[in-house]
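Asker: So that you have it, the file is start-v3.txt, and it contains compact mmCIF, C-alpha atoms:
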# COMPACT_ATOMS: atom_id res chain seq x y z
CA MET A 1 23.22 -13.79 -87.69
CA ALA A 2 20.47 -11.38 -86.78
CA ASN A 3 21.61 -8.26 -85.03
CA GLU A 4 18.93 -8.52 -82.34
CA PRO A 5 19.67 -7.34 -78.77
CA ILE A 6 19.72 -10.06 -76.17
CA VAL A 7 17.59 -7.89 -73.86
CA ASP A 8 14.75 -5.56 -74.81
CA PHE A 9 15.38 -2.85 -72.25
CA GLU A 10 12.73 -0.55 -73.71
CA ALA A 11 10.07 -3.20 -73.16
CA ILE A 12 11.22 -3.61 -69.56
CA LYS A 13 11.13 0.14 -69.03
CA ASN A 14 7.65 0.42 -70.52
CA ASP A 15 6.43 -2.39 -68.27
CA LEU A 16 7.38 -0.35 -65.22
CA THR A 17 4.41 1.88 -65.88
CA ASN A 18 2.02 -1.06 -66.03
CA VAL A 19 0.78 -0.61 -62.47
CA PRO A 20 -2.73 -0.89 -60.99
CA LYS A 21 -4.79 2.23 -60.51
CA PRO A 22 -4.70 3.73 -56.99
CA ILE A 23 -7.25 2.13 -54.69
CA GLN A 24 -10.42 4.19 -54.22
CA ILE A 25 -13.73 3.79 -52.46
CA LEU A 26 -15.00 7.33 -53.07
CA ASN A 27 -13.87 9.03 -56.25
CA GLU A 28 -13.25 12.77 -56.68
CA ASN A 29 -16.93 13.29 -57.51
CA ALA A 30 -17.99 11.74 -54.19
CA GLU A 31 -19.30 8.69 -56.01
CA VAL A 32 -19.04 5.25 -54.39
CA ILE A 33 -17.01 3.06 -56.75
CA ASP A 34 -16.46 0.12 -54.38
CA GLN A 35 -19.86 -0.58 -52.87
CA ASP A 36 -18.79 -3.61 -50.85
CA ALA A 37 -15.98 -1.69 -49.16
CA PHE A 38 -18.28 1.29 -48.56
CA ASN A 39 -20.94 -0.94 -47.00
CA SER A 40 -18.43 -2.19 -44.46
CA PHE A 41 -18.58 1.23 -42.75
CA SER A 42 -21.48 2.16 -40.50
CA ASP A 43 -23.03 5.63 -40.51
CA ASP A 44 -21.29 6.27 -37.19
CA ASP A 45 -17.96 5.34 -38.79
CA LEU A 46 -18.51 7.81 -41.63
CA VAL A 47 -19.44 10.63 -39.23
CA GLU A 48 -16.39 9.91 -37.07
CA PHE A 49 -14.08 10.06 -40.09
CA MET A 50 -15.56 13.44 -41.00
CA LYS A 51 -15.12 14.74 -37.47
CA LYS A 52 -11.46 13.74 -37.49
CA MET A 53 -10.80 15.51 -40.78
CA VAL A 54 -12.62 18.64 -39.62
CA TRP A 55 -10.53 18.47 -36.43
CA GLU A 56 -7.28 18.32 -38.39
CA ARG A 57 -8.30 21.14 -40.74
CA ALA A 58 -9.22 23.27 -37.72
CA LEU A 59 -5.92 22.35 -36.04
CA HIS A 60 -4.03 23.46 -39.12
CA ASN A 61 -5.89 26.77 -39.43
CA GLN A 62 -5.64 27.70 -35.76
CA THR A 63 -2.02 26.61 -35.43
CA MET A 64 -1.05 28.68 -38.47
CA ASN A 65 -2.70 31.66 -36.75
CA PHE A 66 -0.59 31.00 -33.65
CA SER A 67 2.49 30.76 -35.86
CA ARG A 68 1.78 34.15 -37.46
CA GLN A 69 1.45 35.57 -33.94
CA GLY A 70 4.94 34.30 -33.12
CA ARG A 71 3.63 31.78 -30.58
CA MET A 72 4.91 28.64 -32.31
CA GLY A 73 8.27 27.25 -33.29
CA PHE A 74 8.53 25.04 -36.36
CA TYR A 75 5.22 23.89 -37.85
CA ALA A 76 4.54 21.91 -41.03
CA PRO A 77 1.12 22.66 -42.57
CA THR A 78 -1.17 19.69 -43.25
CA GLU A 79 -4.13 21.23 -45.08
CA GLY A 80 -5.12 18.85 -47.88
CA GLU A 81 -3.61 15.76 -46.25
CA GLU A 82 -6.38 15.06 -43.74
CA ALA A 83 -7.64 11.88 -45.41
CA SER A 84 -4.15 10.46 -45.78
CA GLU A 85 -3.17 11.18 -42.18
CA MET A 86 -6.40 10.49 -40.32
CA GLY A 87 -7.31 7.51 -42.47
CA THR A 88 -4.04 5.71 -41.77
CA VAL A 89 -3.57 6.56 -38.10
CA LEU A 90 -7.13 5.59 -37.20
CA ALA A 91 -6.44 2.10 -38.55
CA MET A 92 -3.73 1.62 -35.93
CA LYS A 93 -4.03 0.49 -32.30
CA ASP A 94 -2.68 2.11 -29.13
CA GLN A 95 0.02 -0.56 -28.78
CA ASP A 96 1.39 0.20 -32.25
CA TYR A 97 4.56 2.31 -32.25
CA LEU A 98 4.46 5.54 -34.24
CA LEU A 99 7.65 6.95 -35.75
CA PRO A 100 6.45 10.34 -37.03
CA ALA A 101 8.14 12.88 -39.23
CA TYR A 102 7.65 16.60 -38.66
CA ARG A 103 4.44 16.80 -40.74
CA ASP A 104 2.86 14.06 -38.63
CA VAL A 105 1.93 16.00 -35.52
CA PRO A 106 -1.82 15.41 -36.09
CA GLN A 107 -1.20 11.66 -36.10
CA LEU A 108 0.89 11.95 -32.95
CA ILE A 109 -1.97 13.72 -31.18
CA GLN A 110 -4.47 11.14 -32.37
CA HIS A 111 -2.12 8.41 -31.15
CA GLY A 112 -2.07 9.78 -27.61
CA ALA A 113 -0.12 13.03 -27.24
CA THR A 114 -1.93 16.19 -26.16
CA VAL A 115 -2.18 19.33 -28.27
CA THR A 116 -0.31 21.21 -25.53
CA GLU A 117 2.57 18.73 -25.75
CA ALA A 118 2.59 19.10 -29.52
CA TYR A 119 2.83 22.87 -29.22
CA LEU A 120 5.66 22.56 -26.71
CA TRP A 121 7.47 20.21 -29.08
CA SER A 122 7.13 22.84 -31.79
CA ARG A 123 8.81 25.32 -29.47
CA GLY A 124 11.66 22.92 -28.70
CA HIS A 125 10.63 22.48 -25.07
CA VAL A 126 11.65 19.20 -23.43
CA ILE A 127 8.14 18.61 -22.05
CA GLY A 128 6.97 18.36 -25.65
CA ASN A 129 8.81 15.03 -25.82
CA LYS A 130 7.25 13.54 -22.69
CA PHE A 131 3.92 12.40 -24.09
CA LYS A 132 2.29 9.10 -23.13
CA ALA A 133 1.74 7.96 -26.70
CA ARG A 134 3.74 4.95 -27.84
CA SER A 135 5.85 7.04 -30.16
CA LEU A 136 9.11 8.85 -30.57
CA MET A 137 9.10 12.61 -31.03
CA PRO A 138 8.68 13.81 -34.64
CA GLN A 139 11.82 13.27 -36.70
CA ILE A 140 13.27 16.33 -38.41
CA ILE A 141 15.84 14.49 -40.55
CA ILE A 142 14.20 13.59 -43.86
CA GLY A 143 13.67 9.84 -44.20
CA ALA A 144 15.31 8.97 -40.88
CA ALA A 145 12.03 7.84 -39.33
CA TYR A 146 12.12 4.87 -41.72
CA ASN A 147 15.30 3.66 -40.05
CA GLU A 148 13.75 4.17 -36.63
CA ALA A 149 10.66 2.22 -37.66
CA ALA A 150 12.74 -0.70 -38.90
CA GLY A 151 14.59 -0.85 -35.59
CA VAL A 152 11.46 -0.58 -33.48
CA ALA A 153 9.77 -3.25 -35.60
CA MET A 154 12.75 -5.51 -35.00
CA GLY A 155 12.24 -4.97 -31.27
CA ILE A 156 8.55 -5.84 -31.60
CA LYS A 157 9.49 -9.06 -33.39
CA LYS A 158 12.25 -9.97 -30.91
CA ASN A 159 9.92 -9.32 -27.98
CA LYS A 160 7.27 -11.51 -29.63
CA GLU A 161 4.55 -8.87 -29.37
CA GLU A 162 1.65 -10.56 -31.11
CA ASP A 163 -0.60 -7.62 -31.94
CA ALA A 164 1.66 -4.63 -32.59
CA ILE A 165 3.47 -3.00 -35.48
CA ALA A 166 5.67 0.03 -36.06
CA PHE A 167 4.32 2.59 -38.52
CA THR A 168 5.99 5.62 -40.00
CA TYR A 169 5.60 8.38 -42.56
CA THR A 170 7.66 10.35 -45.01
CA GLY A 171 6.88 12.59 -47.97
CA ASP A 172 7.65 12.03 -51.63
CA GLY A 173 10.98 13.77 -51.19
CA GLY A 174 11.83 11.45 -48.33
CA THR A 175 11.92 8.48 -50.70
CA SER A 176 14.88 10.10 -52.44
CA GLN A 177 16.90 9.91 -49.23
CA GLY A 178 19.21 6.98 -48.55
CA ASP A 179 17.78 6.53 -45.08
CA SER A 180 14.39 5.56 -46.50
CA TYR A 181 15.77 2.73 -48.59
CA GLU A 182 18.07 1.54 -45.80
CA GLY A 183 15.13 1.32 -43.42
CA MET A 184 13.01 -0.57 -45.92
CA ASN A 185 15.88 -2.87 -46.88
CA PHE A 186 16.50 -3.78 -43.22
CA ALA A 187 12.79 -4.36 -42.63
CA GLY A 188 12.50 -6.53 -45.72
CA ALA A 189 15.62 -8.55 -44.93
CA PHE A 190 14.46 -9.35 -41.40
CA GLN A 191 10.72 -9.48 -42.21
CA VAL A 192 9.76 -7.17 -39.34
CA PRO A 193 6.29 -5.60 -38.87
CA ALA A 194 7.00 -2.11 -40.18
CA LEU A 195 4.43 -0.11 -42.15
CA PHE A 196 6.05 2.53 -44.36
CA ILE A 197 3.62 5.25 -45.45
CA VAL A 198 4.67 7.69 -48.18
CA GLN A 199 2.50 10.79 -48.31
CA ASN A 200 3.08 11.82 -51.90
CA ASN A 201 1.95 15.44 -51.71
CA GLY A 202 3.55 16.43 -54.98
CA PHE A 203 6.51 18.48 -53.78
CA ALA A 204 9.71 18.11 -51.78
CA ILE A 205 9.60 21.70 -50.55
CA SER A 206 9.73 23.32 -54.02
CA THR A 207 10.91 20.33 -56.08
CA PRO A 208 8.04 18.70 -57.98
CA ARG A 209 7.59 14.95 -57.91
CA LYS A 210 8.51 14.56 -61.60
CA LYS A 211 11.99 16.02 -60.95
CA GLN A 212 12.71 13.83 -57.92
CA THR A 213 12.73 10.40 -59.50
CA ALA A 214 12.06 8.56 -62.75
CA ALA A 215 10.16 5.83 -60.89
CA PRO A 216 6.58 5.68 -62.26
CA THR A 217 5.31 5.29 -58.68
CA LEU A 218 6.94 5.77 -55.32
CA ALA A 219 5.32 2.56 -54.11
CA GLN A 220 7.52 0.66 -56.56
CA LYS A 221 10.61 1.67 -54.62
CA ALA A 222 9.70 -0.89 -51.96
CA VAL A 223 9.94 -3.74 -54.47
CA ALA A 224 13.74 -3.60 -54.41
CA ALA A 225 13.55 -4.35 -50.69
CA GLY A 226 11.18 -7.27 -51.21
CA ILE A 227 8.25 -5.35 -49.70
CA PRO A 228 4.71 -5.46 -51.11
CA SER A 229 3.40 -2.00 -51.84
CA VAL A 230 0.30 -0.24 -53.08
CA GLN A 231 -0.96 3.18 -54.15
CA VAL A 232 -4.13 4.59 -52.63
CA ASP A 233 -6.11 7.76 -53.30
CA GLY A 234 -4.85 9.92 -50.46
CA MET A 235 -7.89 12.22 -50.70
CA ASP A 236 -10.23 9.31 -49.91
CA ILE A 237 -10.23 8.68 -46.16
CA LEU A 238 -12.21 5.46 -46.52
CA ALA A 239 -9.67 3.97 -48.91
CA CYS A 240 -6.74 5.14 -46.75
CA TYR A 241 -8.28 3.54 -43.67
CA LYS A 242 -9.21 0.30 -45.43
CA VAL A 243 -5.77 -0.16 -47.00
CA ALA A 244 -3.91 0.72 -43.78
CA LYS A 245 -6.03 -1.72 -41.79
CA ALA A 246 -5.44 -4.45 -44.36
CA ALA A 247 -1.70 -3.78 -44.16
CA ARG A 248 -1.77 -3.97 -40.37
CA ASP A 249 -3.73 -7.24 -40.41
CA TYR A 250 -1.23 -8.67 -42.90
CA MET A 251 1.76 -7.70 -40.76
CA VAL A 252 0.47 -8.89 -37.39
CA ALA A 253 -0.08 -12.26 -39.05
CA GLY A 254 3.71 -12.47 -39.39
CA ASN A 255 4.10 -11.55 -43.05
CA GLY A 256 6.71 -8.80 -42.82
CA PRO A 257 6.62 -5.12 -43.84
CA VAL A 258 4.35 -3.18 -46.23
CA MET A 259 4.57 0.16 -47.99
CA ILE A 260 1.59 2.40 -48.80
CA GLU A 261 1.84 5.43 -51.08
CA THR A 262 -1.00 7.90 -50.58
CA LEU A 263 -1.60 10.32 -53.45
CA THR A 264 -2.43 13.56 -51.69
CA TYR A 265 -1.57 17.27 -51.89
CA ARG A 266 -0.16 19.97 -49.67
CA TYR A 267 -2.30 23.04 -50.29
CA GLY A 268 -0.05 25.52 -48.53
CA ALA A 269 3.62 26.12 -47.89
CA HIS A 270 6.11 23.43 -46.94
CA SER A 271 6.45 24.92 -43.49
CA SER A 272 5.75 27.99 -41.40
CA ALA A 273 9.35 29.07 -42.02
CA GLY A 274 8.18 31.14 -44.96
CA ASP A 275 8.47 29.44 -48.35
CA ASP A 276 6.01 30.81 -50.90
CA PRO A 277 4.30 28.00 -52.87
CA LYS A 278 3.13 30.48 -55.50
CA ARG A 279 6.76 30.71 -56.64
CA TYR A 280 6.91 27.04 -57.63
CA ARG A 281 3.25 26.08 -58.25
CA THR A 282 0.68 27.55 -60.60
CA LYS A 283 -3.02 27.99 -59.92
CA GLU A 284 -3.72 25.66 -62.85
CA GLU A 285 -1.68 22.92 -61.17
CA THR A 286 -3.23 23.41 -57.75
CA GLN A 287 -6.92 23.91 -58.54
CA PRO A 288 -7.64 20.29 -59.54
CA TRP A 289 -6.46 19.19 -56.10
CA PHE A 290 -8.73 21.68 -54.37
CA ASP A 291 -11.55 20.10 -56.38
CA LYS A 292 -10.54 16.72 -54.90
CA ASP A 293 -10.58 18.06 -51.32
CA PRO A 294 -11.13 15.14 -48.91
CA LEU A 295 -13.57 17.07 -46.72
CA ILE A 296 -15.74 18.06 -49.68
CA ARG A 297 -15.82 14.46 -50.85
CA LEU A 298 -17.00 12.89 -47.60
CA ARG A 299 -19.19 15.87 -46.70
CA LYS A 300 -21.31 15.30 -49.81
CA ILE A 301 -21.77 11.64 -48.95
CA LEU A 302 -22.87 12.49 -45.42
CA GLU A 303 -25.19 15.30 -46.48
CA ASP A 304 -26.86 13.02 -49.01
CA LYS A 305 -27.46 10.53 -46.19
CA GLY A 306 -28.81 13.25 -43.88
CA LEU A 307 -25.92 12.74 -41.44
CA TRP A 308 -24.18 16.13 -41.72
CA SER A 309 -24.94 19.82 -41.95
CA GLU A 310 -23.10 23.12 -42.27
CA GLU A 311 -24.34 24.12 -38.81
CA GLN A 312 -23.00 20.94 -37.29
CA GLU A 313 -19.61 21.46 -38.90
CA ASP A 314 -19.38 25.11 -37.87
CA LYS A 315 -20.21 24.18 -34.27
CA LEU A 316 -17.48 21.53 -34.24
CA ILE A 317 -14.91 23.94 -35.68
CA ASP A 318 -15.70 26.48 -32.94
CA GLU A 319 -15.31 23.79 -30.28
CA TYR A 320 -12.06 22.52 -31.73
CA LYS A 321 -10.55 25.99 -32.06
CA ALA A 322 -11.53 26.82 -28.49
CA SER A 323 -9.70 23.71 -27.30
CA PHE A 324 -6.59 24.68 -29.29
CA LYS A 325 -6.64 28.14 -27.71
CA GLU A 326 -6.74 26.51 -24.28
CA ALA A 327 -3.82 24.29 -25.30
CA ILE A 328 -1.67 27.25 -26.34
CA LYS A 329 -2.47 28.96 -23.02
CA GLU A 330 -1.30 25.83 -21.20
CA ALA A 331 1.88 25.84 -23.27
CA ASP A 332 2.44 29.53 -22.50
CA ALA A 333 2.16 28.79 -18.78
CA VAL A 334 4.97 26.20 -18.81
CA PRO A 335 8.24 27.68 -17.49
CA ALA A 336 10.86 28.16 -20.16
CA ASP A 337 13.43 25.40 -20.51
CA LYS A 338 16.84 26.33 -19.15
CA VAL A 339 20.09 25.97 -21.08
CA SER A 340 21.70 24.43 -18.01
CA ASP A 341 18.99 21.78 -17.84
CA MET A 342 19.44 21.00 -21.52
CA LEU A 343 23.15 20.51 -20.99
CA LYS A 344 22.51 18.27 -17.99
CA ARG A 345 20.35 16.03 -20.15
CA THR A 346 22.95 15.65 -22.88
CA PHE A 347 24.99 13.00 -21.07
CA GLU A 348 24.16 10.93 -18.01
CA ILE A 349 27.49 12.08 -16.56
CA PRO A 350 28.55 15.50 -17.88
CA THR A 351 32.07 15.81 -19.24
CA PRO A 352 34.41 18.19 -17.38
CA GLU A 353 34.06 20.77 -20.15
CA MET A 354 30.30 20.47 -20.11
CA LYS A 355 30.27 20.78 -16.31
CA LYS A 356 31.96 24.14 -16.72
CA GLU A 357 29.29 25.19 -19.22
CA ILE A 358 26.53 24.07 -16.83
CA ASP A 359 28.07 26.08 -13.99
CA LYS A 360 28.38 29.12 -16.27
CA PHE A 361 24.76 29.04 -17.38
CA GLU A 362 23.44 28.28 -13.88
CA ALA A 363 25.20 31.40 -12.68
CA LYS A 364 23.57 33.47 -15.44
CA GLU A 365 20.14 31.93 -14.87
CA SER A 366 20.21 32.59 -11.13
CA LYS A 367 20.48 36.35 -11.62
Before anything else, please render the file you have as C-alpha cells.

Answerer:
Amino acid sequence: MANEPIVDFEAIKNDLTNVPKPIQILNENAEVIDQDAFNSFSDDDLVEFMKKMVWERALHNQTMNFSRQGRMGFYAPTEGEEASEMGTVLAMKDQDYLLPAYRDVPQLIQHGATVTEAYLWSRGHVIGNKFKARSLMPQIIIGAAYNEAAGVAMGIKKNKEEDAIAFTYTGDGGTSQGDSYEGMNFAGAFQVPALFIVQNNGFAISTPRKKQTAAPTLAQKAVAAGIPSVQVDGMDILACYKVAKAARDYMVAGNGPVMIETLTYRYGAHSSAGDDPKRYRTKEETQPWFDKDPLIRLRKILEDKGLWSEEQEDKLIDEYKASFKEAIKEADAVPADKVSDMLKRTFEIPTPEMKKEIDKFEAKESK
C-alpha cells in the first residue's frame, strides 16, 4: 500500500497565492492599461477626481499644521491614501450610510459633514457628532465599524430601502480584529448590503503587513464569510472608483455584501499622537510608494491632455487651505463643552450618583 497522504495540504496552501492581480486602470507610470474603463470617464470626471485628491492632500497638510499648533485633538494622517479614500467615497450616494473609522474623516466630510464639525469631533466636542451626513461619528475601536455596518445594512434591508447601502472602512490591522470577521460573517449570513473596504496601507501602527497575517491577501479573508472580494490598486483613483461603483451596483441589486481591499500606503505617522515611522520603516521601503503617488499619476494624465497645470493646482491649494483656516476659526469660536452637559447626556434619566456629579460640576462651572 502506497504511503501517500490522503490530502495534499502543500498544494492547497500554494493555491492560496493563485489570486488575480489587483485591478488597475492607470499603472504606476501613469499609463492607461484598461482603455475601455478609462474611456468611460469624461475629461470633467478626471479633473474632478484630481481636485478631490488635491483637496484631501491640502486638508492633511493644513490639519497637521493645526495639530502641531496644539489646536487639534486626535488626528489620523491620510497622505498617500487620497485615491483609495476619494475614489471609493465618490462612488457612493447621499442616501448610503457611512460607518467611518478614525482615518476616514475626509470621506465623512465628502459625505456631508463640514470641516468645522470634523475639527470639533477631533477635539471631542459634542457638536462634532451632530453633522447632517448619513453617518455615525468615526469609530475609534479598531474593526468595530464593520459590526456597525452589518447592523445598519440589516436595517436598510429590513426597511426595504431600494437604492442604499452601508459602507465602511478599516486598515490592514483591522482585519486582524475579531470584530471585523464578526461583522462580515453577519453580513454574509443575512446577505445585507454592506460594503467592507480594507485600506491596506502596509502597517498596523508599527506592525508591518507581513507580520499581521499569513493570508496572501486581505481580500481573501471575506471568503470565509461567503463574501465576494477583490484587490484594487489603491493609488489609482479611477480603479478605486470603478470597483466601488461596481460593488454598489451589485449590492443594490440584492446580491449581498462585498469586500474591497485597496493597496495603498500611509506616508506619515499612524497618528498625530507622535509615533515616528522612521523607527519601523526604511527609506528603501517607502520610496517606491512615493513613486506611485496617486496625485502624480493622475496629474501626468491631465497635463498630457492639457487639462491641468501647476498654477491651477497651486491656486486650488491656496483656496482649500484658506477654507480650512476659516473652519478652525469657527471651531475655536464654539463654546467649550461642559462636563455637566456630558454627564447629562450619558443617560436619559441620570442615576442618583450621577445627579450628584452633575450638581457638583454645575457648581464649579458657575463660578

Asker: Give as a count of residues only the set of residues within 8 Å of the point (-0.7, 9.9, -53.0), where distances use the file's coordinates and only C-alpha atoms.

Answerer: 14

Asker: Out of A:Thr88, A:Thr17, A:Ser309, A:Ser340, which residue has the shortest atom-to-atom distance to Leu218 of chain A when counting only C-alpha atoms?

Answerer: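 Using only C-alpha atoms, the shortest distance to Leu218 of chain A belongs to A:Thr17.
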
Asker: Between A:Glu303, A:Asp163, A:Glu79, A:Glu85, which has the minimum distance to Tyr250 of chain A (counting only C-alpha atoms)?

Answerer: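 Counting only C-alpha atoms, the residue closest to Tyr250 of chain A is A:Asp163.
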
Asker: Residues near Asp275 of chain A, anyone? I mean within 12 Å using all atoms listed in the file, not counting same-chain ones fewer than 3 positions away, as a PyMOL selection string.

Answerer: chain A and resi 76-77+204-206+268-272+278-281

Asker: Hey, can you check how far atom CA of Phe49 of chain A sits from atom CA of Asn129 of chain A?

Answerer: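 Interatomic distance, atom CA of Phe49 of chain A to atom CA of Asn129 of chain A: 27.4 Å.
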
Asker: Out of A:Gly151, A:Asn255, A:Ser67, A:Ile317, which residue has the shortest atom-to-atom distance to Gly274 of chain A when counting only C-alpha atoms?

Answerer: A:Ser67
